[in-house]
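For reference, the structure is listed below as C-alpha cells.
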Amino acid sequence: MSLTLKDDLNFTQDGKHISALRIPHSTNSSGWGSLLLPVIVVRNGTGPTVLFTGGNHGDEYEGPIALRKLANELKAEDIQGQVIIVPYLNFPAVLAGTRLSPVDGQNMNRSFPGNPDGSMTQKIADFVYRELVMRSDVVLDFHSGGNSMIFEPCTVLHKLEDTA
Ligand SMILES: [Zn+2]
C-alpha cells in the first residue's frame, strides 16, 4: 500500500506549505506509531519545479542541515515557480545516523523507483518518485562523505536521454 501525506499538500496554491509523509512504524514502545517525514513546498506563480532532497544516506549531515535551513528561510516571494524540500529522505537512517536504514537495511540510493508494497525504504522511494520526482523539472539530491568517505565539493549531473 502506498504511503500518503499527513495532510493534503497543496502543489497549486502560492505560499509555503508544510506536511509530512506518514510512515507506519510499529515498535515495542508504540504499537500504532508512525514516523512523520517532513515535506515542504514553496510556490509562487508559474515556473519550473525544483526538488531538493537530503538524508538519502543517514550519516551525511550536510544536506539535511542545509535543506532544513533553506526550508526555514525560503519565502514564496524569493522564487518564481515551485521548490519542494525533503530534508530527511531516509528518515529512519537520519535518526540513527547510519548510511542504511536500521529498519530494513536498505540503501535508499539503490531503491528507486521504489515499491509501494516493499520495505519501508522502498515505500518511501515509491512515494518520492511518483509524487515528487515526476512533478519536478530538476532534482538536486545532496550527498556528502558520511562516516566512510571524504568528499571534495562536487556536482554530479545525470542528464536523461528521455526527458519525458
Ligand atoms: Zn550519500
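In the C-alpha cells, the first chain shown is A, the next is B, and so on; residue numbers restart at 1 for each chain, and ligands run from 1 in the order shown.
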
Alpha helix (DSSP H) call set, DSSP backbone run, chain A, as a PyMOL selection string: chain A and resi 62-73+91-96+120-127

Using C-alpha atoms, can you export the residues from the last selection as an mmCIF file, in the first residue's frame?
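Everything below was put into selection_5.cif:
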```cif
data_model
loop_
_atom_site.group_PDB
_atom_site.id
_atom_site.type_symbol
_atom_site.label_atom_id
_atom_site.label_comp_id
_atom_site.auth_asym_id
_atom_site.auth_seq_id
_atom_site.Cartn_x
_atom_site.Cartn_y
_atom_site.Cartn_z
ATOM 1 C CA GLU A 62 25.414 18.420 5.471
ATOM 2 C CA GLY A 63 22.384 18.046 3.150
ATOM 3 C CA PRO A 64 19.764 17.796 5.902
ATOM 4 C CA ILE A 65 21.271 20.783 7.761
ATOM 5 C CA ALA A 66 21.403 22.947 4.620
ATOM 6 C CA LEU A 67 17.919 21.962 3.456
ATOM 7 C CA ARG A 68 16.405 22.481 6.912
ATOM 8 C CA LYS A 69 17.887 25.980 6.865
ATOM 9 C CA LEU A 70 16.589 26.560 3.315
ATOM 10 C CA ALA A 71 13.101 25.375 4.316
ATOM 11 C CA ASN A 72 13.088 27.786 7.250
ATOM 12 C CA GLU A 73 14.367 30.815 5.345
ATOM 13 C CA PHE A 91 14.296 9.405 7.872
ATOM 14 C CA PRO A 92 14.976 6.259 9.965
ATOM 15 C CA ALA A 93 18.616 6.295 8.814
ATOM 16 C CA VAL A 94 18.931 10.039 9.586
ATOM 17 C CA LEU A 95 17.509 9.482 13.088
ATOM 18 C CA ALA A 96 20.018 6.660 13.653
ATOM 19 C CA MET A 120 9.916 0.926 4.398
ATOM 20 C CA THR A 121 12.806 2.304 2.299
ATOM 21 C CA GLN A 122 11.179 1.044 -0.913
ATOM 22 C CA LYS A 123 7.844 2.598 0.103
ATOM 23 C CA ILE A 124 9.468 5.999 0.752
ATOM 24 C CA ALA A 125 11.264 5.785 -2.613
ATOM 25 C CA ASP A 126 7.982 4.917 -4.340
ATOM 26 C CA PHE A 127 6.213 7.947 -2.870
#
```

Environment of ligand 1 within 6 Å, counting only C-alpha atoms and all ligand atoms, reported as a PyMOL selection string: chain A and resi 56-57+143-144

Nearest candidate to Gly58 (chain A) (options A:Pro153, A:Gly15, A:Pro116, A:Gly145; using only C-alpha atoms): A:Gly145

Distance criterion (only C-alpha atoms): nearest to Leu74 (chain A) out of A:Lys16, A:Val103, A:Leu37, A:Pro87: A:Lys16

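Among the candidates A:Arg130, A:Lys6, A:Lys75, A:Lys159, the one nearest to Phe112 (chain A) when counting only C-alpha atoms is A:Arg130.
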
Which of chain A fall in strand (DSSP E), as a ChimeraX atom specification: /A:4-5,15-24,34-44,49-53,81-86,138-141

One-decimal distance in Å that lies between CA of Asp14 (chain A) and CA of Leu36 (chain A): 23.5 Å

For Thr12 (chain A): contacts at 10 Å, only C-alpha atoms, fewer than 3 positions along chain excluded, given as a PyMOL selection string: chain A and resi 9+15+41+43-46+82

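For Leu157 (chain A), the non-local neighbours within 12 Å, defined as residues at least 4 positions apart in the same chain or in other chains and counting only C-alpha atoms, are Val138, Val139, Leu140, Asp141 and Phe142 of chain A.
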
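Atom pair CA of Thr98 (chain A) / CA of Asn147 (chain A) has a distance of 8.2 Å (rounded to one decimal).
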
For CA of Val133 (chain A) and CA of Gly105 (chain A), the interatomic separation in Å (one decimal): 23.4 Å

Residues within 8 Å of Ile84 (chain A), only C-alpha atoms, excluding chain neighbours under 5 positions, as a list in words: Val39, Ile40, Val41, Val42, Thr49, Val50, Leu51, Phe52 and Leu132 of chain A

What would the file look like if the residues just selected were written as a compact mmCIF listing (two decimals), in the first residue's frame with C-alpha atoms?
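Result file part_19.txt:
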```txt
# COMPACT_ATOMS: atom_id res chain seq x y z
CA VAL A 39 7.87 17.65 3.10
CA ILE A 40 7.94 21.42 2.46
CA VAL A 41 6.53 23.09 -0.66
CA VAL A 42 7.17 26.75 -1.53
CA THR A 49 9.61 22.88 -10.10
CA VAL A 50 12.85 22.02 -8.29
CA LEU A 51 13.05 19.16 -5.79
CA PHE A 52 15.77 19.25 -3.11
CA LEU A 132 7.67 14.43 -6.13
```

Leu5 (chain A) environment, 6 Å, only C-alpha atoms, sequence neighbours closer than 5 positions dropped, as number ranges by chain: A: 20-22

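Closest to Pro38 (chain A) among A:Phe11, A:Gln106, A:Phe151, A:Thr53 is A:Thr53, based on only C-alpha atoms.
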
Selected residue, from A:Gly81, A:Gly146, A:Gly114, A:Gly54, that lies nearest to Gly97 (chain A) when counting only C-alpha atoms: A:Gly146
